[in-house]
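Asker: TSV, C-alpha atoms, file start-v7.tsv:
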chain	number	residue	atom	x	y	z
A	1	MET	CA	5.02	-15.17	1.03
A	2	LYS	CA	5.69	-13.63	-0.59
A	3	LYS	CA	8.97	-14.54	-1.81
A	4	ARG	CA	11.43	-12.19	-0.17
A	5	PHE	CA	14.93	-11.19	-1.17
A	6	LYS	CA	16.96	-9.66	1.60
A	7	LYS	CA	16.98	-5.87	1.53
A	8	GLN	CA	16.05	-5.89	-2.19
A	9	THR	CA	19.69	-6.25	-3.22
A	10	ILE	CA	19.20	-5.90	-6.93
A	11	VAL	CA	22.33	-6.13	-9.02
A	12	LEU	CA	21.49	-3.20	-11.26
A	13	ALA	CA	24.25	-0.76	-10.29
A	14	VAL	CA	21.88	2.20	-10.42
A	15	CYS	CA	21.01	4.79	-7.81
A	16	PHE	CA	17.32	4.58	-7.07
A	17	SER	CA	17.48	7.68	-4.93
A	18	ALA	CA	17.24	9.59	-8.22
A	19	ILE	CA	13.90	8.02	-9.12
A	20	GLY	CA	11.80	10.93	-7.96
A	21	THR	CA	13.81	13.43	-10.00
A	22	LEU	CA	14.00	11.32	-13.14
A	23	LEU	CA	10.34	10.39	-13.11
A	24	GLY	CA	9.02	13.87	-12.49
A	25	GLY	CA	6.65	14.95	-15.23
A	26	CYS	CA	7.29	11.98	-17.51
A	27	ASP	CA	4.99	9.22	-18.74
A	28	ILE	CA	7.05	6.34	-20.04
A	29	LEU	CA	3.97	4.31	-20.86
A	30	GLY	CA	2.64	6.81	-23.34
A	31	SER	CA	-0.31	5.58	-25.35
A	32	THR	CA	0.24	1.96	-24.31
A	33	SER	CA	-1.70	2.47	-21.10
A	34	ASP	CA	-4.37	4.54	-22.80
A	35	SER	CA	-5.05	1.98	-25.52
A	36	TRP	CA	-5.40	-0.97	-23.16
A	37	LYS	CA	-8.97	-1.65	-22.02
A	38	SER	CA	-9.62	-3.10	-18.58
A	39	VAL	CA	-12.79	-4.83	-17.48
A	40	GLU	CA	-15.62	-2.80	-15.96
A	41	ALA	CA	-15.23	-1.87	-12.31
A	42	ALA	CA	-17.45	-3.67	-9.85
A	43	GLU	CA	-20.09	-1.63	-8.03
A	44	GLN	CA	-19.38	-2.89	-4.52
A	45	PRO	CA	-16.38	-1.25	-2.81
A	46	MET	CA	-13.30	-3.41	-2.29
A	47	GLU	CA	-12.11	-3.68	1.32
A	48	LYS	CA	-8.32	-3.40	1.23
A	49	THR	CA	-5.45	-4.38	3.51
A	50	ALA	CA	-1.69	-4.34	2.90
A	51	TRP	CA	1.62	-5.59	4.25
A	52	VAL	CA	4.56	-3.51	5.44
A	53	THR	CA	7.86	-5.36	5.85
A	54	ASP	CA	10.47	-4.70	8.50
A	55	TRP	CA	13.27	-4.44	5.93
A	56	GLN	CA	11.42	-1.78	3.89
A	57	TRP	CA	9.44	-0.04	6.60
A	58	MET	CA	10.46	3.49	5.59
A	59	ASP	CA	9.18	3.21	2.00
A	60	GLY	CA	6.24	1.15	3.22
A	61	SER	CA	5.30	3.80	5.77
A	62	ALA	CA	5.50	6.49	3.10
A	63	ASP	CA	3.01	4.57	0.96
A	64	LEU	CA	0.82	3.84	3.99
A	65	GLN	CA	0.68	7.55	4.78
A	66	GLY	CA	-1.11	8.11	1.48
A	67	MET	CA	-3.74	5.37	1.77
A	68	THR	CA	-5.21	5.54	5.26
A	69	ASN	CA	-8.65	6.29	3.79
A	70	GLY	CA	-8.62	3.07	1.77
A	71	LEU	CA	-7.23	0.45	4.17
A	72	THR	CA	-8.94	-1.34	7.04
A	73	SER	CA	-5.72	-2.85	8.41
A	74	VAL	CA	-2.02	-3.14	7.79
A	75	GLN	CA	-0.06	-6.33	8.47
A	76	MET	CA	3.43	-5.78	9.89
A	77	PHE	CA	5.56	-8.54	8.37
A	78	ALA	CA	7.89	-8.76	11.29
A	79	ALA	CA	8.24	-11.95	13.34
A	80	TYR	CA	10.70	-14.72	12.49
A	81	PHE	CA	12.29	-17.54	14.47
A	82	ASP	CA	15.71	-17.98	16.02
A	83	GLU	CA	17.61	-21.26	16.17
A	84	ALA	CA	15.72	-22.29	19.32
A	85	ASP	CA	12.31	-21.80	17.61
A	86	GLN	CA	11.64	-18.68	19.66
A	87	LEU	CA	9.94	-15.67	18.07
A	88	LEU	CA	12.52	-13.19	16.84
A	89	PHE	CA	11.94	-9.49	16.16
A	90	THR	CA	14.56	-7.55	14.19
A	91	ASP	CA	15.98	-4.15	15.02
A	92	MET	CA	14.37	-2.87	11.81
A	93	PHE	CA	10.99	-4.00	13.11
A	94	LYS	CA	11.53	-2.26	16.44
A	95	GLU	CA	12.51	0.91	14.58
A	96	GLY	CA	9.66	0.80	12.08
A	97	LEU	CA	6.69	-0.35	14.17
A	98	PRO	CA	6.24	2.95	16.07
A	99	LYS	CA	5.97	4.84	12.75
A	100	VAL	CA	3.43	2.38	11.35
A	101	GLN	CA	1.41	2.56	14.57
A	102	GLU	CA	1.61	6.36	14.58
A	103	ILE	CA	0.12	6.49	11.08
A	104	SER	CA	-2.53	4.01	12.14
A	105	ARG	CA	-3.52	6.05	15.19
A	106	LYS	CA	-4.11	9.12	13.04
A	107	SER	CA	-6.73	7.12	11.15
A	108	SER	CA	-9.66	5.52	12.91
A	109	LEU	CA	-9.88	3.04	10.02
A	110	VAL	CA	-6.50	1.30	10.06
A	111	HIS	CA	-5.50	-1.40	12.57
A	112	VAL	CA	-2.01	-2.92	12.80
A	113	ASP	CA	-1.62	-6.71	12.91
A	114	LEU	CA	1.45	-8.89	13.45
A	115	THR	CA	2.46	-11.28	10.67
A	116	ILE	CA	4.55	-14.29	11.71
A	117	VAL	CA	6.44	-16.21	9.04
A	118	ASN	CA	8.33	-19.52	9.28
A	119	ASP	CA	11.71	-18.01	8.39
A	120	GLN	CA	14.67	-18.75	10.60
A	121	LYS	CA	17.42	-16.21	11.22
A	122	ARG	CA	20.70	-17.75	12.33
A	123	LYS	CA	23.46	-16.19	14.41
A	124	ASN	CA	25.90	-16.51	11.51
A	125	GLY	CA	23.77	-14.13	9.46
A	126	THR	CA	22.15	-16.69	7.16
A	127	ASP	CA	18.44	-17.27	6.77
A	128	SER	CA	16.28	-20.32	6.14
A	129	GLN	CA	13.13	-19.10	4.42
A	130	LYS	CA	9.77	-20.85	4.58
A	131	ASP	CA	11.28	-23.71	6.58
A	132	PRO	CA	8.73	-26.55	7.00
A	133	ALA	CA	10.83	-28.13	9.76
A	134	ILE	CA	10.03	-25.16	12.02
A	135	VAL	CA	6.31	-25.84	11.57
A	136	THR	CA	6.83	-29.56	12.27
A	137	ARG	CA	8.53	-28.81	15.58
A	138	LEU	CA	6.07	-26.12	16.67
A	139	MET	CA	3.02	-28.23	15.86
A	140	ALA	CA	4.36	-31.58	17.12
A	141	THR	CA	2.57	-31.86	20.47
A	142	PRO	CA	-0.15	-30.10	22.49
A	143	GLN	CA	2.64	-28.78	24.70
A	144	SER	CA	4.67	-27.33	21.81
A	145	ARG	CA	1.56	-25.69	20.33
A	146	THR	CA	0.57	-24.17	23.66
A	147	LYS	CA	4.09	-22.85	24.21
A	148	HIS	CA	4.06	-21.24	20.77
A	149	ILE	CA	0.63	-19.69	21.31
A	150	ASP	CA	1.76	-18.32	24.68
A	151	GLN	CA	4.67	-16.57	22.95
A	152	ILE	CA	2.36	-15.12	20.31
A	153	MET	CA	-0.04	-13.80	22.92
A	154	GLU	CA	2.84	-12.22	24.81
A	155	ALA	CA	4.04	-10.49	21.63
A	156	VAL	CA	0.55	-9.16	20.89
A	157	THR	CA	0.40	-7.62	24.36
A	158	THR	CA	3.96	-6.29	24.32
A	159	TYR	CA	3.67	-4.57	20.94
A	160	GLN	CA	-0.04	-3.72	21.18
A	161	PHE	CA	-1.17	-5.42	17.98
A	162	HIS	CA	-4.81	-5.50	16.96
A	163	GLY	CA	-4.49	-9.08	15.70
A	164	VAL	CA	-2.23	-11.82	14.36
A	165	GLU	CA	-1.61	-13.27	10.93
A	166	ILE	CA	-0.01	-16.70	10.51
A	167	ASP	CA	1.99	-17.09	7.30
A	168	TYR	CA	3.48	-20.57	7.59
A	169	GLU	CA	4.34	-21.92	4.16
A	170	ARG	CA	5.45	-25.23	2.66
A	171	VAL	CA	3.65	-27.05	5.49
A	172	ALA	CA	4.25	-30.79	5.21
A	173	ASP	CA	1.18	-32.94	4.60
A	174	LYS	CA	1.80	-34.83	7.85
A	175	ASP	CA	1.64	-31.57	9.85
A	176	TRP	CA	-1.68	-30.23	8.62
A	177	GLN	CA	-3.90	-31.88	11.22
A	178	ASN	CA	-1.78	-30.46	14.02
A	179	MET	CA	-1.70	-27.12	12.19
A	180	LEU	CA	-5.52	-27.05	12.18
A	181	LEU	CA	-5.58	-27.69	15.94
A	182	PHE	CA	-3.12	-24.84	16.38
A	183	ILE	CA	-5.25	-22.45	14.29
A	184	GLN	CA	-8.36	-23.37	16.25
A	185	GLU	CA	-6.71	-22.87	19.64
A	186	LEU	CA	-4.92	-19.66	18.65
A	187	HIS	CA	-8.18	-18.20	17.36
A	188	LYS	CA	-9.90	-19.05	20.64
A	189	ARG	CA	-7.14	-17.42	22.69
A	190	LEU	CA	-7.10	-14.28	20.53
A	191	GLN	CA	-10.89	-14.01	20.48
A	192	ALA	CA	-10.94	-14.06	24.27
A	193	LYS	CA	-8.75	-10.95	24.16
A	194	GLU	CA	-10.86	-9.36	21.40
A	195	LYS	CA	-8.03	-9.85	18.92
A	196	THR	CA	-8.31	-11.12	15.34
A	197	LEU	CA	-6.65	-13.95	13.42
A	198	ARG	CA	-5.81	-14.20	9.72
A	199	VAL	CA	-4.26	-17.28	8.13
A	200	VAL	CA	-2.38	-17.08	4.82
A	201	LEU	CA	-2.84	-19.94	2.36
A	202	GLU	CA	-0.50	-20.76	-0.52
A	203	PRO	CA	-1.89	-21.88	-3.87
A	204	ARG	CA	-0.36	-25.30	-3.09
A	205	THR	CA	-2.36	-25.63	0.16
A	206	PRO	CA	-4.74	-28.63	-0.14
A	207	ILE	CA	-7.76	-26.56	0.91
A	208	GLU	CA	-10.20	-28.99	-0.71
A	209	THR	CA	-9.28	-31.71	1.77
A	210	LEU	CA	-8.67	-29.63	4.90
A	211	ALA	CA	-11.37	-28.96	7.49
A	212	LEU	CA	-10.21	-25.39	8.14
A	213	PRO	CA	-11.63	-24.09	11.45
A	214	LYS	CA	-14.37	-21.50	11.34
A	215	GLY	CA	-13.56	-18.11	12.83
A	216	PRO	CA	-10.26	-16.89	11.32
A	217	VAL	CA	-10.04	-14.86	8.13
A	218	TYR	CA	-8.32	-16.82	5.35
A	219	VAL	CA	-6.07	-15.13	2.78
A	220	MET	CA	-5.21	-16.77	-0.54
A	221	MET	CA	-1.93	-15.75	-2.18
A	222	ALA	CA	-2.93	-15.11	-5.79
A	223	TYR	CA	0.56	-14.30	-7.02
A	224	ASN	CA	3.99	-15.74	-7.83
A	225	LEU	CA	2.60	-17.41	-10.94
A	226	TYR	CA	5.98	-16.46	-12.38
A	227	GLY	CA	9.05	-15.74	-10.25
A	228	THR	CA	12.58	-16.82	-9.45
A	229	SER	CA	11.91	-20.47	-10.26
A	230	THR	CA	10.34	-19.79	-13.67
A	231	GLY	CA	11.01	-17.90	-16.84
A	232	PRO	CA	9.68	-14.36	-17.43
A	233	GLY	CA	6.00	-13.66	-16.95
A	234	PRO	CA	3.43	-11.84	-14.79
A	235	LYS	CA	2.96	-12.41	-11.07
A	236	ALA	CA	-0.65	-13.32	-11.83
A	237	ASP	CA	-3.15	-13.35	-14.67
A	238	ARG	CA	-6.92	-13.51	-14.91
A	239	ALA	CA	-7.08	-17.30	-15.25
A	240	PHE	CA	-4.82	-17.86	-12.24
A	241	ILE	CA	-6.85	-15.53	-10.01
A	242	LYS	CA	-10.14	-17.07	-11.13
A	243	GLU	CA	-8.88	-20.59	-10.48
A	244	LEU	CA	-7.83	-19.72	-6.92
A	245	ALA	CA	-11.04	-17.80	-6.27
A	246	THR	CA	-13.03	-20.86	-7.31
A	247	ARG	CA	-11.01	-23.10	-5.01
A	248	MET	CA	-11.58	-20.70	-2.10
A	249	LYS	CA	-15.37	-21.07	-2.33
A	250	GLY	CA	-15.28	-24.01	0.09
A	251	VAL	CA	-13.19	-22.21	2.72
A	252	PRO	CA	-15.27	-21.09	5.73
A	253	GLY	CA	-15.83	-17.53	6.91
A	254	GLU	CA	-14.27	-14.33	5.65
A	255	LYS	CA	-11.98	-14.73	2.66
A	256	VAL	CA	-9.37	-12.40	1.21
A	257	ILE	CA	-7.58	-12.63	-2.13
A	258	ALA	CA	-4.01	-11.28	-2.04
A	259	ILE	CA	-2.27	-9.73	-5.04
A	260	ALA	CA	1.30	-8.45	-5.40
A	261	SER	CA	2.86	-5.18	-6.45
A	262	GLY	CA	6.15	-4.85	-8.31
A	263	GLY	CA	7.63	-7.65	-10.36
A	264	PHE	CA	10.83	-9.40	-11.41
A	265	ASP	CA	13.86	-8.74	-13.60
A	266	TRP	CA	15.03	-11.88	-15.44
A	267	PRO	CA	18.58	-11.79	-16.86
A	268	ALA	CA	19.34	-14.01	-19.86
A	269	SER	CA	21.49	-16.09	-17.52
A	270	GLY	CA	21.31	-16.17	-13.75
A	271	LYS	CA	18.55	-15.79	-11.20
A	272	ALA	CA	15.68	-13.34	-11.41
A	273	VAL	CA	15.53	-10.56	-8.81
A	274	GLN	CA	12.57	-8.65	-7.46
A	275	VAL	CA	11.91	-5.08	-8.52
A	276	THR	CA	9.46	-2.63	-7.03
A	277	GLU	CA	7.08	-0.75	-9.31
A	278	GLN	CA	9.17	2.43	-9.28
A	279	GLN	CA	12.40	0.50	-9.84
A	280	ALA	CA	10.85	-1.10	-12.92
A	281	VAL	CA	9.71	2.30	-14.18
A	282	TYR	CA	13.20	3.67	-13.63
A	283	LEU	CA	14.81	0.77	-15.51
A	284	ALA	CA	12.51	1.32	-18.48
A	285	LYS	CA	13.29	5.03	-18.54
A	286	VAL	CA	17.08	4.84	-18.29
A	287	ASN	CA	17.18	2.07	-20.90
A	288	MET	CA	14.71	3.88	-23.19
A	289	ALA	CA	12.43	0.83	-23.22
A	290	GLN	CA	8.72	1.13	-23.99
A	291	PRO	CA	6.68	-1.15	-21.70
A	292	GLN	CA	3.91	-3.12	-23.36
A	293	ARG	CA	0.64	-4.23	-21.76
A	294	ASP	CA	-0.05	-7.97	-21.60
A	295	GLU	CA	-3.72	-8.63	-22.36
A	296	ALA	CA	-4.01	-11.86	-20.32
A	297	SER	CA	-2.74	-10.32	-17.08
A	298	GLY	CA	-2.85	-6.54	-17.42
A	299	SER	CA	0.84	-6.50	-16.46
A	300	LEU	CA	3.58	-4.48	-18.14
A	301	TYR	CA	6.75	-5.94	-19.62
A	302	PHE	CA	9.85	-4.71	-21.46
A	303	GLU	CA	13.39	-5.75	-22.35
A	304	TYR	CA	16.73	-4.02	-21.99
A	305	VAL	CA	20.45	-4.79	-22.30
A	306	ASP	CA	22.74	-4.06	-19.34
A	307	GLU	CA	26.30	-2.75	-19.35
A	308	GLN	CA	27.65	-6.30	-19.63
A	309	LYS	CA	25.59	-6.72	-22.83
A	310	GLN	CA	23.26	-9.16	-21.13
A	311	LYS	CA	19.62	-9.10	-22.09
A	312	HIS	CA	16.98	-8.66	-19.37
A	313	THR	CA	13.21	-9.11	-19.35
A	314	VAL	CA	11.15	-7.23	-16.77
A	315	TRP	CA	7.51	-7.86	-15.85
A	316	TYR	CA	5.73	-5.72	-13.27
A	317	ALA	CA	2.38	-4.48	-12.02
A	318	ASP	CA	1.24	-0.88	-12.09
A	319	GLU	CA	-1.97	0.81	-11.01
A	320	THR	CA	-3.87	-0.47	-14.06
A	321	THR	CA	-2.69	-4.02	-13.30
A	322	LEU	CA	-3.80	-3.79	-9.67
A	323	LYS	CA	-7.19	-2.44	-10.76
A	324	THR	CA	-7.57	-5.25	-13.26
A	325	TRP	CA	-6.80	-7.95	-10.70
A	326	SER	CA	-9.14	-6.27	-8.22
A	327	GLN	CA	-11.94	-6.29	-10.80
A	328	VAL	CA	-11.38	-9.97	-11.54
A	329	ILE	CA	-11.55	-10.72	-7.81
A	330	ALA	CA	-14.80	-8.75	-7.52
A	331	SER	CA	-16.27	-10.52	-10.54
A	332	GLU	CA	-15.72	-13.82	-8.70
A	333	GLY	CA	-17.78	-12.58	-5.76
A	334	TYR	CA	-14.98	-11.47	-3.40
A	335	HIS	CA	-14.70	-7.97	-1.98
A	336	LYS	CA	-11.65	-8.21	0.27
A	337	LEU	CA	-8.19	-7.62	-1.18
A	338	ALA	CA	-4.71	-7.70	0.36
A	339	LEU	CA	-1.62	-6.18	-1.27
A	340	TRP	CA	1.84	-7.68	-0.92
A	341	ARG	CA	3.42	-5.21	-0.31
A	342	LEU	CA	3.83	-1.48	0.37
A	343	GLY	CA	7.05	0.31	-0.54
A	344	ASP	CA	8.12	2.20	-3.66
A	345	LEU	CA	4.67	2.20	-5.25
A	346	SER	CA	3.78	4.82	-7.83
A	347	PRO	CA	1.49	7.69	-6.77
A	348	ALA	CA	-1.21	6.16	-9.00
A	349	SER	CA	-0.99	2.80	-7.20
A	350	VAL	CA	-1.10	4.52	-3.82
A	351	SER	CA	-4.18	6.40	-5.02
A	352	PHE	CA	-5.85	3.14	-6.09
A	353	MET	CA	-5.22	1.60	-2.67
A	354	ASN	CA	-6.60	4.75	-1.03
A	355	GLU	CA	-9.93	4.57	-2.86
When written as structure tokens, how does the structure in this file appear?
Answerer:
Amino acid sequence: MKKRFKKQTIVLAVCFSAIGTLLGGCDILGSTSDSWKSVEAAEQPMEKTAWVTDWQWMDGSADLQGMTNGLTSVQMFAAYFDEADQLLFTDMFKEGLPKVQEISRKSSLVHVDLTIVNDQKRKNGTDSQKDPAIVTRLMATPQSRTKHIDQIMEAVTTYQFHGVEIDYERVADKDWQNMLLFIQELHKRLQAKEKTLRVVLEPRTPIETLALPKGPVYVMMAYNLYGTSTGPGPKADRAFIKELATRMKGVPGEKVIAIASGGFDWPASGKAVQVTEQQAVYLAKVNMAQPQRDEASGSLYFEYVDEQKQKHTVWYADETTLKTWSQVIASEGYHKLALWRLGDLSPASVSFMNE
């Protein structure tokens, strides 16, 4: 999805456990944030949902604790596949799910759904992320689809989920017709059990030519405009969100636009790595960098030089960025927003999600 980097292993050689102490009482943005003007807030409330990942469930749960008034559901990003194409649940998921469900139970507003992603975890410890071959095999025949749906239904019952979210990415063109049959049948099976279904769509999904089944909620990923495969830039900007919102007009039923927290750190040479919002704030502080606000996206960016004298460029989203993207979404006629993802958000961003 959501491009994931295992356990957020950021080669920064800093201790993020000191973030809370170092950030206390400081405002590294200064007048930059005050001088930047966002668009007017929409009148209609924005219905919000958010993801919690198994590998960052502790930080995600901490953020979730502070936004139970603002969310209608939380998606537990938790189910992968083993080498036999069977659903696989990690030990981190099994440890974190009870906490997420406990927080949910204390609020009558928040339901917990299961997100399944086409990542494969191998016995040798390696991963294959967003593997289209998994989708090809699962969707190949009526028998393979039914077997997969049976496993999903069993997981929903076992872990007491309110619903399911399918996040299968890089689907091959030849598999889409079978994928649509799978979505239709899975929705029917879940509906019979009074469970819900959400389906995540990538910007590359050919939604204009697909006869997506009515019934499920469809979520468009309006992020990763810039990332590990590009140079520095924001995860999204106004034009990108508007373009995707326009394309979603033809999708049936309930529609959600997803935005992303945090950002990326691009070294002058080498691959970019993800940073959470608070990690980005910490980097700016310790390197005495003054983040600037990008007008086209509402995102913040700054540069610093590491101990090896290598230059870095960091782009990230803060509360003002999230508000801006939310307002753009509302201006396009949508009032359902999903946030990828909880964990290490600033108090201001948590507050925004709790509105």
Asker: For a test of reading the model, state the distance in Å between atom CA of A:Ala289 and atom CA of A:Trp266, rounded to one decimal.
Answerer: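 We find that atom CA of A:Ala289 and atom CA of A:Trp266 lie 15.1 Å from each other.
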Asker: Considering only C-alpha atoms, state which residue in the set A:Thr321, A:Thr276, A:Ser73, A:Gln120 is at the smallest distance from A:Gln101.
Answerer: A:Ser73
Asker: If you count all atoms listed in the file, which residues fall within 10 Å of A:Asp127, apart from same-chain ones fewer than 5 positions away, as a list in words?
Answerer: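 Once the adjacent positions are removed, what remains is Lys6, Tyr80, Phe81, Asp82, Asp119, Gln120, Lys121 and Arg122 of chain A.
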Asker: Which one is closest to A:Lys271: A:Ala155, A:Ser229, A:Ile259, A:Gln308? Count all atoms listed in the file.
Answerer: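 Nearest to A:Lys271: A:Ser229.
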Asker: Write out as a list in words which residues come within 12 Å of A:Gly250 when counting all atoms listed in the file, dropping same-chain ones fewer than 5 positions away.
Answerer: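 Residues meeting the cut-off are Pro206, Ile207, Glu208, Thr209, Leu210, Ala211, Leu212, Pro213, Lys214, Tyr218, Leu244, Ala245 and Lys255 of chain A.
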Asker: Could you turn the residues from that selection into a file that holds C-alpha atoms, as a compact mmCIF listing (two decimals), in the frame of the given file?
Answerer:
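out11.txt, written as the output of this step:
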# COMPACT_ATOMS: atom_id res chain seq x y z
CA PRO A 206 -4.74 -28.63 -0.14
CA ILE A 207 -7.76 -26.56 0.91
CA GLU A 208 -10.20 -28.99 -0.71
CA THR A 209 -9.28 -31.71 1.77
CA LEU A 210 -8.67 -29.63 4.90
CA ALA A 211 -11.37 -28.96 7.49
CA LEU A 212 -10.21 -25.39 8.14
CA PRO A 213 -11.63 -24.09 11.45
CA LYS A 214 -14.37 -21.50 11.34
CA TYR A 218 -8.32 -16.82 5.35
CA LEU A 244 -7.83 -19.72 -6.92
CA ALA A 245 -11.04 -17.80 -6.27
CA LYS A 255 -11.98 -14.73 2.66
Asker: Output stretch 252-267 of chain A with N, CA and C atoms present, as a PDB file, keeping the file's coordinate frame.
Answerer:
ATOM      1  N   PRO A 252     -14.261 -21.730   4.886  1.00  0.00           N
ATOM      2  CA  PRO A 252     -15.270 -21.090   5.730  1.00  0.00           C
ATOM      3  C   PRO A 252     -14.953 -19.631   6.050  1.00  0.00           C
ATOM      4  N   GLY A 253     -15.996 -18.877   6.371  1.00  0.00           N
ATOM      5  CA  GLY A 253     -15.830 -17.530   6.910  1.00  0.00           C
ATOM      6  C   GLY A 253     -15.361 -16.493   5.920  1.00  0.00           C
ATOM      7  N   GLU A 254     -14.755 -15.432   6.470  1.00  0.00           N
ATOM      8  CA  GLU A 254     -14.270 -14.330   5.650  1.00  0.00           C
ATOM      9  C   GLU A 254     -13.066 -14.784   4.825  1.00  0.00           C
ATOM     10  N   LYS A 255     -13.060 -14.338   3.560  1.00  0.00           N
ATOM     11  CA  LYS A 255     -11.980 -14.730   2.660  1.00  0.00           C
ATOM     12  C   LYS A 255     -11.402 -13.513   1.963  1.00  0.00           C
ATOM     13  N   VAL A 256     -10.089 -13.499   1.825  1.00  0.00           N
ATOM     14  CA  VAL A 256      -9.370 -12.400   1.210  1.00  0.00           C
ATOM     15  C   VAL A 256      -8.513 -12.960   0.078  1.00  0.00           C
ATOM     16  N   ILE A 257      -8.479 -12.258  -1.042  1.00  0.00           N
ATOM     17  CA  ILE A 257      -7.580 -12.630  -2.130  1.00  0.00           C
ATOM     18  C   ILE A 257      -6.422 -11.642  -2.146  1.00  0.00           C
ATOM     19  N   ALA A 258      -5.192 -12.141  -2.081  1.00  0.00           N
ATOM     20  CA  ALA A 258      -4.010 -11.280  -2.040  1.00  0.00           C
ATOM     21  C   ALA A 258      -3.364 -11.188  -3.419  1.00  0.00           C
ATOM     22  N   ILE A 259      -2.991  -9.976  -3.801  1.00  0.00           N
ATOM     23  CA  ILE A 259      -2.270  -9.730  -5.040  1.00  0.00           C
ATOM     24  C   ILE A 259      -0.936  -9.072  -4.699  1.00  0.00           C
ATOM     25  N   ALA A 260      -0.051  -8.942  -5.686  1.00  0.00           N
ATOM     26  CA  ALA A 260       1.300  -8.450  -5.400  1.00  0.00           C
ATOM     27  C   ALA A 260       1.670  -7.283  -6.293  1.00  0.00           C
ATOM     28  N   SER A 261       2.329  -6.312  -5.700  1.00  0.00           N
ATOM     29  CA  SER A 261       2.860  -5.180  -6.450  1.00  0.00           C
ATOM     30  C   SER A 261       4.235  -5.550  -7.017  1.00  0.00           C
ATOM     31  N   GLY A 262       4.807  -4.641  -7.794  1.00  0.00           N
ATOM     32  CA  GLY A 262       6.150  -4.850  -8.310  1.00  0.00           C
ATOM     33  C   GLY A 262       6.244  -5.998  -9.292  1.00  0.00           C
ATOM     34  N   GLY A 263       7.437  -6.567  -9.405  1.00  0.00           N
ATOM     35  CA  GLY A 263       7.630  -7.650 -10.360  1.00  0.00           C
ATOM     36  C   GLY A 263       9.029  -8.238 -10.248  1.00  0.00           C
ATOM     37  N   PHE A 264       9.518  -8.764 -11.378  1.00  0.00           N
ATOM     38  CA  PHE A 264      10.830  -9.400 -11.410  1.00  0.00           C
ATOM     39  C   PHE A 264      11.609  -8.961 -12.643  1.00  0.00           C
ATOM     40  N   ASP A 265      12.927  -9.004 -12.501  1.00  0.00           N
ATOM     41  CA  ASP A 265      13.860  -8.740 -13.600  1.00  0.00           C
ATOM     42  C   ASP A 265      14.612 -10.042 -13.858  1.00  0.00           C
ATOM     43  N   TRP A 266      14.380 -10.619 -15.062  1.00  0.00           N
ATOM     44  CA  TRP A 266      15.030 -11.880 -15.440  1.00  0.00           C
ATOM     45  C   TRP A 266      16.217 -11.598 -16.370  1.00  0.00           C
ATOM     46  N   PRO A 267      17.446 -11.885 -15.937  1.00  0.00           N
ATOM     47  CA  PRO A 267      18.580 -11.790 -16.860  1.00  0.00           C
ATOM     48  C   PRO A 267      18.587 -13.003 -17.789  1.00  0.00           C
TER      49      PRO A 267
END
